[in-house]
Structure formats: structure tokens, C-alpha cells
$ cat my_file10.txt   # compact mmCIF, N, CA and C atoms
# COMPACT_ATOMS: atom_id res chain seq x y z
N MET A 1 74.03 104.94 113.38
CA MET A 1 75.39 104.60 113.80
C MET A 1 76.39 105.59 113.18
N ILE A 2 77.33 106.02 113.97
CA ILE A 2 78.34 106.96 113.49
C ILE A 2 79.32 106.23 112.58
N HIS A 3 79.61 106.86 111.47
CA HIS A 3 80.56 106.31 110.51
C HIS A 3 81.98 106.44 111.05
N GLN A 4 82.87 105.65 110.54
CA GLN A 4 84.28 105.67 110.96
C GLN A 4 84.89 107.06 110.81
N ILE A 5 84.45 107.83 109.84
CA ILE A 5 84.98 109.18 109.64
C ILE A 5 84.67 110.05 110.87
N GLY A 6 83.44 109.98 111.35
CA GLY A 6 83.05 110.76 112.53
C GLY A 6 83.80 110.33 113.77
N VAL A 7 83.95 109.03 113.95
CA VAL A 7 84.68 108.50 115.10
C VAL A 7 86.14 108.96 115.04
N ALA A 8 86.73 108.87 113.87
CA ALA A 8 88.14 109.28 113.71
C ALA A 8 88.31 110.76 114.01
N ALA A 9 87.38 111.59 113.54
CA ALA A 9 87.46 113.04 113.79
C ALA A 9 87.37 113.34 115.28
N ILE A 10 86.47 112.66 115.97
CA ILE A 10 86.33 112.86 117.42
C ILE A 10 87.57 112.38 118.16
N ILE A 11 88.10 111.24 117.78
CA ILE A 11 89.33 110.74 118.40
C ILE A 11 90.48 111.71 118.18
N SER A 12 90.57 112.27 116.99
CA SER A 12 91.62 113.23 116.66
C SER A 12 91.51 114.48 117.54
N ALA A 13 90.30 115.02 117.70
CA ALA A 13 90.10 116.21 118.54
C ALA A 13 90.42 115.90 119.99
N LEU A 14 89.97 114.76 120.49
CA LEU A 14 90.25 114.38 121.88
C LEU A 14 91.75 114.18 122.11
N THR A 15 92.43 113.60 121.14
CA THR A 15 93.88 113.41 121.25
C THR A 15 94.59 114.76 121.35
N ALA A 16 94.17 115.71 120.54
CA ALA A 16 94.76 117.06 120.60
C ALA A 16 94.53 117.68 121.97
N GLN A 17 93.32 117.56 122.50
CA GLN A 17 93.02 118.12 123.82
C GLN A 17 93.86 117.45 124.91
N ILE A 18 94.04 116.15 124.82
CA ILE A 18 94.83 115.41 125.81
C ILE A 18 96.30 115.82 125.74
N LEU A 19 96.79 116.14 124.54
CA LEU A 19 98.19 116.52 124.36
C LEU A 19 98.51 117.92 124.89
N LYS A 20 97.51 118.79 124.97
CA LYS A 20 97.76 120.20 125.34
C LYS A 20 98.51 120.38 126.66
N PRO A 21 98.15 119.68 127.75
CA PRO A 21 98.92 119.89 129.00
C PRO A 21 100.38 119.46 128.87
N PHE A 22 100.64 118.44 128.06
CA PHE A 22 102.01 117.95 127.91
C PHE A 22 102.84 118.91 127.06
N VAL A 23 102.25 119.47 126.02
CA VAL A 23 102.94 120.48 125.21
C VAL A 23 103.17 121.73 126.06
N ASP A 24 102.16 122.09 126.84
CA ASP A 24 102.28 123.25 127.74
C ASP A 24 103.42 123.03 128.73
N LYS A 25 103.57 121.81 129.22
CA LYS A 25 104.65 121.47 130.16
C LYS A 25 106.01 121.67 129.49
N LEU A 26 106.13 121.26 128.24
CA LEU A 26 107.39 121.45 127.51
C LEU A 26 107.69 122.93 127.28
N GLN A 27 106.65 123.71 126.99
CA GLN A 27 106.84 125.13 126.68
C GLN A 27 107.01 125.99 127.92
N LYS A 28 106.24 125.72 128.97
CA LYS A 28 106.22 126.60 130.13
C LYS A 28 106.78 125.98 131.40
N LYS A 29 107.24 124.75 131.31
CA LYS A 29 107.88 124.04 132.44
C LYS A 29 106.93 123.81 133.63
N ARG A 30 105.62 123.81 133.34
CA ARG A 30 104.66 123.48 134.40
C ARG A 30 103.54 122.66 133.79
N PHE A 31 103.04 121.72 134.58
CA PHE A 31 101.97 120.84 134.08
C PHE A 31 100.64 121.29 134.66
N ASN A 32 99.69 121.57 133.80
CA ASN A 32 98.35 121.97 134.20
C ASN A 32 97.35 121.07 133.48
N PRO A 33 96.84 120.06 134.19
CA PRO A 33 95.93 119.11 133.53
C PRO A 33 94.65 119.76 133.00
N PHE A 34 94.28 120.91 133.55
CA PHE A 34 93.06 121.58 133.11
C PHE A 34 93.20 122.21 131.72
N ARG A 35 94.43 122.24 131.18
CA ARG A 35 94.62 122.71 129.80
C ARG A 35 93.86 121.83 128.82
N MET A 36 93.55 120.58 129.24
CA MET A 36 92.77 119.69 128.38
C MET A 36 91.38 120.26 128.08
N LEU A 37 90.90 121.13 128.97
CA LEU A 37 89.55 121.67 128.84
C LEU A 37 89.52 123.04 128.18
N ASP A 38 90.70 123.60 127.89
CA ASP A 38 90.79 124.95 127.31
C ASP A 38 90.66 124.93 125.80
N THR A 39 90.20 126.08 125.28
CA THR A 39 90.30 126.31 123.85
C THR A 39 91.65 126.95 123.60
N GLY A 40 92.10 126.97 122.39
CA GLY A 40 93.40 127.55 122.07
C GLY A 40 94.52 126.64 122.50
N GLY A 41 95.73 127.00 122.14
CA GLY A 41 96.90 126.22 122.52
C GLY A 41 97.32 125.21 121.46
N MET A 42 98.44 124.56 121.75
CA MET A 42 99.06 123.60 120.84
C MET A 42 98.77 122.19 121.28
N PRO A 43 98.35 121.32 120.38
CA PRO A 43 97.94 121.54 119.00
C PRO A 43 96.47 121.96 118.92
N SER A 44 96.10 122.53 117.81
CA SER A 44 94.72 122.97 117.60
C SER A 44 93.82 121.76 117.40
N SER A 45 92.91 121.54 118.35
CA SER A 45 91.99 120.40 118.21
C SER A 45 90.99 120.66 117.09
N HIS A 46 90.67 121.95 116.86
CA HIS A 46 89.77 122.28 115.75
C HIS A 46 90.38 121.82 114.42
N THR A 47 91.63 122.21 114.22
CA THR A 47 92.31 121.86 112.97
C THR A 47 92.52 120.37 112.86
N SER A 48 92.90 119.74 113.96
CA SER A 48 93.11 118.30 113.96
C SER A 48 91.83 117.56 113.56
N MET A 49 90.71 117.96 114.15
CA MET A 49 89.44 117.31 113.88
C MET A 49 89.02 117.47 112.41
N VAL A 50 89.05 118.70 111.90
CA VAL A 50 88.58 118.90 110.53
C VAL A 50 89.54 118.33 109.50
N THR A 51 90.83 118.25 109.83
CA THR A 51 91.79 117.63 108.92
C THR A 51 91.53 116.14 108.81
N THR A 52 91.33 115.48 109.96
CA THR A 52 91.01 114.05 109.96
C THR A 52 89.69 113.79 109.25
N LEU A 53 88.71 114.64 109.47
CA LEU A 53 87.41 114.53 108.82
C LEU A 53 87.55 114.62 107.30
N THR A 54 88.25 115.63 106.84
CA THR A 54 88.41 115.84 105.39
C THR A 54 89.23 114.71 104.77
N ALA A 55 90.25 114.25 105.48
CA ALA A 55 91.05 113.12 104.97
C ALA A 55 90.18 111.86 104.87
N GLY A 56 89.30 111.66 105.85
CA GLY A 56 88.40 110.51 105.82
C GLY A 56 87.45 110.56 104.63
N VAL A 57 86.91 111.74 104.36
CA VAL A 57 86.02 111.89 103.20
C VAL A 57 86.81 111.60 101.93
N ALA A 58 88.05 112.07 101.85
CA ALA A 58 88.89 111.80 100.68
C ALA A 58 89.11 110.30 100.50
N VAL A 59 89.35 109.58 101.60
CA VAL A 59 89.59 108.14 101.53
C VAL A 59 88.33 107.39 101.10
N TYR A 60 87.20 107.71 101.70
CA TYR A 60 85.97 106.96 101.46
C TYR A 60 85.18 107.43 100.23
N GLN A 61 85.25 108.72 99.89
CA GLN A 61 84.45 109.25 98.78
C GLN A 61 85.30 109.68 97.58
N GLY A 62 86.57 109.91 97.81
CA GLY A 62 87.45 110.39 96.74
C GLY A 62 87.51 111.91 96.70
N ILE A 63 88.60 112.43 96.17
CA ILE A 63 88.79 113.88 96.16
C ILE A 63 87.96 114.59 95.09
N THR A 64 87.33 113.82 94.21
CA THR A 64 86.47 114.43 93.19
C THR A 64 85.00 114.47 93.62
N SER A 65 84.70 113.93 94.79
CA SER A 65 83.30 113.91 95.24
C SER A 65 82.86 115.27 95.75
N PRO A 66 81.57 115.58 95.60
CA PRO A 66 81.04 116.84 96.15
C PRO A 66 81.21 116.91 97.68
N LEU A 67 81.08 115.78 98.34
CA LEU A 67 81.23 115.77 99.80
C LEU A 67 82.64 116.18 100.22
N PHE A 68 83.66 115.77 99.47
CA PHE A 68 85.02 116.19 99.76
C PHE A 68 85.16 117.70 99.60
N GLY A 69 84.59 118.24 98.53
CA GLY A 69 84.65 119.70 98.30
C GLY A 69 84.00 120.46 99.44
N ILE A 70 82.83 120.00 99.87
CA ILE A 70 82.13 120.64 100.98
C ILE A 70 82.96 120.55 102.26
N SER A 71 83.48 119.36 102.53
CA SER A 71 84.29 119.15 103.74
C SER A 71 85.53 120.03 103.72
N LEU A 72 86.18 120.14 102.58
CA LEU A 72 87.39 120.95 102.47
C LEU A 72 87.08 122.43 102.72
N ILE A 73 86.01 122.93 102.11
CA ILE A 73 85.65 124.34 102.29
C ILE A 73 85.32 124.63 103.76
N PHE A 74 84.52 123.77 104.39
CA PHE A 74 84.18 123.99 105.79
C PHE A 74 85.41 123.85 106.69
N SER A 75 86.30 122.95 106.36
CA SER A 75 87.53 122.79 107.15
C SER A 75 88.41 124.03 107.06
N LEU A 76 88.58 124.55 105.86
CA LEU A 76 89.38 125.76 105.69
C LEU A 76 88.75 126.94 106.44
N TYR A 77 87.43 127.04 106.39
CA TYR A 77 86.74 128.09 107.13
C TYR A 77 86.99 127.95 108.62
N PHE A 78 86.87 126.73 109.15
CA PHE A 78 87.13 126.45 110.57
C PHE A 78 88.54 126.90 110.95
N ILE A 79 89.51 126.53 110.14
CA ILE A 79 90.91 126.84 110.43
C ILE A 79 91.15 128.35 110.42
N PHE A 80 90.65 129.04 109.41
CA PHE A 80 90.85 130.49 109.34
C PHE A 80 90.10 131.21 110.45
N GLU A 81 88.95 130.68 110.84
CA GLU A 81 88.19 131.25 111.95
C GLU A 81 88.99 131.13 113.26
N ALA A 82 89.61 129.98 113.45
CA ALA A 82 90.39 129.75 114.68
C ALA A 82 91.60 130.66 114.77
N THR A 83 92.19 130.99 113.61
CA THR A 83 93.40 131.83 113.64
C THR A 83 93.08 133.31 113.48
N GLY A 84 91.94 133.62 112.92
CA GLY A 84 91.59 135.01 112.66
C GLY A 84 90.79 135.63 113.78
N LEU A 85 89.49 135.48 113.70
CA LEU A 85 88.58 136.12 114.64
C LEU A 85 88.84 135.69 116.08
N ARG A 86 88.96 134.40 116.31
CA ARG A 86 89.14 133.92 117.68
C ARG A 86 90.47 134.37 118.27
N GLN A 87 91.51 134.46 117.45
CA GLN A 87 92.81 134.96 117.92
C GLN A 87 92.70 136.43 118.30
N GLU A 88 91.98 137.19 117.50
CA GLU A 88 91.81 138.62 117.78
C GLU A 88 90.99 138.83 119.06
N VAL A 89 89.98 138.02 119.28
CA VAL A 89 89.18 138.10 120.51
C VAL A 89 90.09 137.85 121.72
N GLY A 90 90.99 136.89 121.60
CA GLY A 90 91.94 136.62 122.69
C GLY A 90 92.85 137.81 122.96
N ASN A 91 93.31 138.47 121.88
CA ASN A 91 94.17 139.66 122.03
C ASN A 91 93.41 140.78 122.73
N GLN A 92 92.15 140.97 122.35
CA GLN A 92 91.34 142.01 122.98
C GLN A 92 91.09 141.69 124.46
N ALA A 93 90.88 140.42 124.77
CA ALA A 93 90.68 140.02 126.17
C ALA A 93 91.92 140.33 126.99
N ARG A 94 93.11 140.11 126.41
CA ARG A 94 94.36 140.39 127.11
C ARG A 94 94.47 141.87 127.45
N VAL A 95 94.13 142.73 126.47
CA VAL A 95 94.19 144.18 126.69
C VAL A 95 93.17 144.60 127.75
N LEU A 96 91.95 144.10 127.65
CA LEU A 96 90.92 144.43 128.64
C LEU A 96 91.32 143.97 130.04
N ASN A 97 91.94 142.80 130.15
CA ASN A 97 92.40 142.32 131.45
C ASN A 97 93.46 143.25 132.05
N GLU A 98 94.34 143.78 131.21
CA GLU A 98 95.34 144.73 131.69
C GLU A 98 94.69 146.02 132.18
N ILE A 99 93.69 146.50 131.44
CA ILE A 99 92.97 147.71 131.85
C ILE A 99 92.25 147.48 133.17
N ILE A 100 91.59 146.34 133.30
CA ILE A 100 90.86 146.01 134.53
C ILE A 100 91.83 145.93 135.71
N GLU A 101 92.99 145.32 135.48
CA GLU A 101 93.98 145.18 136.57
C GLU A 101 94.48 146.54 137.03
N LYS A 102 94.73 147.45 136.08
CA LYS A 102 95.17 148.80 136.46
C LYS A 102 94.05 149.56 137.17
N ALA A 103 92.82 149.37 136.73
CA ALA A 103 91.68 150.05 137.37
C ALA A 103 91.45 149.53 138.78
N ARG A 104 91.77 148.28 139.04
CA ARG A 104 91.61 147.71 140.38
C ARG A 104 92.50 148.41 141.40
N GLU A 105 93.63 148.93 140.93
CA GLU A 105 94.57 149.60 141.83
C GLU A 105 93.99 150.89 142.37
N THR A 106 93.12 151.54 141.60
CA THR A 106 92.58 152.82 142.03
C THR A 106 91.08 152.79 142.34
N HIS A 107 90.38 151.77 141.88
CA HIS A 107 88.93 151.66 142.08
C HIS A 107 88.60 150.26 142.60
N HIS A 108 87.46 150.16 143.21
CA HIS A 108 86.99 148.85 143.65
C HIS A 108 86.21 148.20 142.52
N ILE A 109 86.88 147.31 141.79
CA ILE A 109 86.26 146.61 140.67
C ILE A 109 86.26 145.13 140.98
N ASN A 110 85.12 144.53 140.79
CA ASN A 110 84.97 143.12 141.09
C ASN A 110 84.70 142.33 139.81
N ALA A 111 85.38 142.66 138.74
CA ALA A 111 85.16 141.99 137.46
C ALA A 111 86.02 140.74 137.36
N GLU A 112 85.45 139.73 136.70
CA GLU A 112 86.21 138.50 136.46
C GLU A 112 87.15 138.71 135.29
N GLU A 113 88.26 137.96 135.31
CA GLU A 113 89.19 138.02 134.20
C GLU A 113 88.59 137.35 132.99
N LEU A 114 88.83 137.94 131.82
CA LEU A 114 88.36 137.36 130.57
C LEU A 114 89.33 136.28 130.10
N GLN A 115 88.80 135.27 129.44
CA GLN A 115 89.65 134.21 128.92
C GLN A 115 90.43 134.74 127.73
N GLU A 116 91.76 134.60 127.79
CA GLU A 116 92.62 135.13 126.74
C GLU A 116 93.01 134.09 125.71
N LEU A 117 93.09 132.84 126.12
CA LEU A 117 93.55 131.78 125.23
C LEU A 117 92.35 131.20 124.49
N ILE A 118 91.95 131.88 123.43
CA ILE A 118 90.75 131.49 122.70
C ILE A 118 91.10 130.99 121.31
N GLY A 119 91.88 131.73 120.58
CA GLY A 119 92.22 131.37 119.21
C GLY A 119 93.54 130.63 119.13
N HIS A 120 94.01 130.47 117.90
CA HIS A 120 95.24 129.72 117.66
C HIS A 120 96.21 130.55 116.84
N THR A 121 97.49 130.32 117.08
CA THR A 121 98.54 130.86 116.21
C THR A 121 98.66 129.91 115.02
N TRP A 122 99.35 130.37 113.98
CA TRP A 122 99.55 129.49 112.82
C TRP A 122 100.37 128.26 113.20
N ALA A 123 101.30 128.37 114.14
CA ALA A 123 102.08 127.22 114.58
C ALA A 123 101.17 126.18 115.24
N GLU A 124 100.23 126.64 116.05
CA GLU A 124 99.29 125.72 116.71
C GLU A 124 98.38 125.04 115.69
N VAL A 125 97.99 125.80 114.66
CA VAL A 125 97.18 125.23 113.58
C VAL A 125 97.98 124.18 112.82
N MET A 126 99.24 124.47 112.55
CA MET A 126 100.08 123.48 111.84
C MET A 126 100.27 122.23 112.68
N GLY A 127 100.39 122.41 114.00
CA GLY A 127 100.46 121.25 114.89
C GLY A 127 99.18 120.42 114.83
N GLY A 128 98.04 121.10 114.81
CA GLY A 128 96.77 120.40 114.68
C GLY A 128 96.62 119.71 113.33
N PHE A 129 97.10 120.36 112.27
CA PHE A 129 97.06 119.77 110.93
C PHE A 129 97.91 118.50 110.88
N ALA A 130 99.12 118.58 111.43
CA ALA A 130 100.01 117.41 111.44
C ALA A 130 99.38 116.27 112.25
N LEU A 131 98.80 116.60 113.40
CA LEU A 131 98.14 115.58 114.21
C LEU A 131 96.95 114.99 113.47
N GLY A 132 96.18 115.83 112.79
CA GLY A 132 95.02 115.35 112.03
C GLY A 132 95.42 114.39 110.92
N ILE A 133 96.49 114.72 110.21
CA ILE A 133 96.99 113.82 109.16
C ILE A 133 97.50 112.52 109.78
N LEU A 134 98.25 112.63 110.89
CA LEU A 134 98.76 111.44 111.57
C LEU A 134 97.60 110.53 112.02
N MET A 135 96.58 111.13 112.63
CA MET A 135 95.43 110.34 113.08
C MET A 135 94.72 109.69 111.89
N ALA A 136 94.60 110.42 110.78
CA ALA A 136 93.98 109.85 109.58
C ALA A 136 94.78 108.67 109.07
N LEU A 137 96.09 108.80 109.05
CA LEU A 137 96.94 107.70 108.59
C LEU A 137 96.82 106.48 109.50
N ILE A 138 96.75 106.71 110.79
CA ILE A 138 96.63 105.60 111.75
C ILE A 138 95.26 104.93 111.64
N ILE A 139 94.21 105.74 111.60
CA ILE A 139 92.87 105.18 111.66
C ILE A 139 92.39 104.65 110.31
N TYR A 140 92.70 105.35 109.21
CA TYR A 140 92.21 104.91 107.90
C TYR A 140 93.20 103.95 107.26
$ encode --input "my_file10.txt" --output "C-alpha cells"
Amino acid sequence: MIHQIGVAAIISALTAQILKPFVDKLQKKRFNPFRMLDTGGMPSSHTSMVTTLTAGVAVYQGITSPLFGISLIFSLYFIFEATGLRQEVGNQARVLNEIIEKARETHHINAEELQELIGHTWAEVMGGFALGILMALIIY
């Protein structure tokens, strides 16, 4: 049986994903329900999930437990991965898409567009962190 910590973390991630089209609507003035299925964007579901997970371990095991230390380290790694490497991959995809688009004008290229919205900005991570804390407060 899944512990309440796991359920809370999953609920937190799903809530972040559900919120993405609505935040996108506020930012870009258009509603795209498929944003729920995308990686990247506001709020970060990765950050929300690991924040709720780590908060749950703190509540149930205490901040001096080895499990809390492990959870915190993995959570920080997740967050930095989402803003570092994955953000850079998105930037590279954007540049490659521009090159492909220019090449299409002069050559017959049938390449698919690369996904650009992969990583998170620090603002999106902070949104996910705030949501993760909020979900932890509500659930725990």
C-alpha cells in the first residue's frame, strides 16, 4: 500500500500539471488544455512533487532522520536538473528549430519540430516549490 507521503507527492504533481493551462492562459491569453501533458512551464510539477515528498518525510520521520537527508538531496538534484540541463536542452531545441525553419525555405526538409519547452526557469521552480509546500500543508 502506498504511504500518504507518496499519495501526497503524486497529488501535488498532478495539481501542478492541471494548473499549467490556466497559468498559460493568464500569461499568453490563450487556453491550451494539452499544456497539462507538457513538461516545463509554470508551475514546475517536478519541484512541486519533490517538495511535497520531502516535507512529508520531515513530518513523518523528522528532519534529523537519514530518510529526510536522502529525500532532500534527491529533491535538490531534481530541481537543479530541471533548471540546468533540461533548460539548456530546450534552448538548443529552439535554436535547431530556427535553423530547420530557415533551411526549409531553400531545401526540402521534412524534419519534425523539436520540443522546446523541456526545462524550467527559476520562477517556474519557485512556483512549483510554493505549490509543493501548499499541498504539504493541506495534506499533512
$ closest_atom_pairs --input "my_file10.txt" --of "range 38-104 of chain A" --to "range 5-18 of chain A" --cutoff "7 Å" --atoms "only N, CA and C atoms" --output "JSON lines"
{"residue": "A:Met42", "atom": "C", "partner": "A:Ala16", "partner_atom": "C", "distance": 6.2}
{"residue": "A:Pro43", "atom": "C", "partner": "A:Ala16", "partner_atom": "CA", "distance": 5.5}
{"residue": "A:Ser44", "atom": "C", "partner": "A:Ala16", "partner_atom": "CA", "distance": 5.8}
{"residue": "A:Ser45", "atom": "CA", "partner": "A:Ala13", "partner_atom": "CA", "distance": 4.6}
{"residue": "A:His46", "atom": "N", "partner": "A:Ala13", "partner_atom": "CA", "distance": 6.0}
{"residue": "A:Ser48", "atom": "C", "partner": "A:Ser12", "partner_atom": "C", "distance": 5.0}
{"residue": "A:Met49", "atom": "CA", "partner": "A:Ala13", "partner_atom": "N", "distance": 4.5}
{"residue": "A:Val50", "atom": "N", "partner": "A:Ala9", "partner_atom": "CA", "distance": 6.2}
{"residue": "A:Thr52", "atom": "C", "partner": "A:Ala9", "partner_atom": "CA", "distance": 5.1}
{"residue": "A:Leu53", "atom": "N", "partner": "A:Ala9", "partner_atom": "CA", "distance": 4.8}
{"residue": "A:Gly56", "atom": "CA", "partner": "A:Ile5", "partner_atom": "CA", "distance": 5.3}
{"residue": "A:Val57", "atom": "N", "partner": "A:Ile5", "partner_atom": "CA", "distance": 6.2}
$ select_by_dssp --input "my_file10.txt" --residues "chain A" --states "alpha helix (DSSP H)" --output "PyMOL selection string"
chain A and resi 4-28+45-61+66-83+85-106+122-139
$ closest_residue --input "my_file10.txt" --among "A:Ala55, A:Thr47, A:Lys29, A:Glu105" --to "Ile139 in chain A" --atoms "only C-alpha atoms"
A:Ala55
$ closest_residue --input "my_file10.txt" --among "A:Gly41, A:Met135, A:Leu76, A:Gln92" --to "Thr121 in chain A" --atoms "only C-alpha atoms"
A:Gly41
$ atom_distance --input "my_file10.txt" --atom1 "CA of Leu134 in chain A" --atom2 "atom C of Ile70 in chain A"
20.5 Å
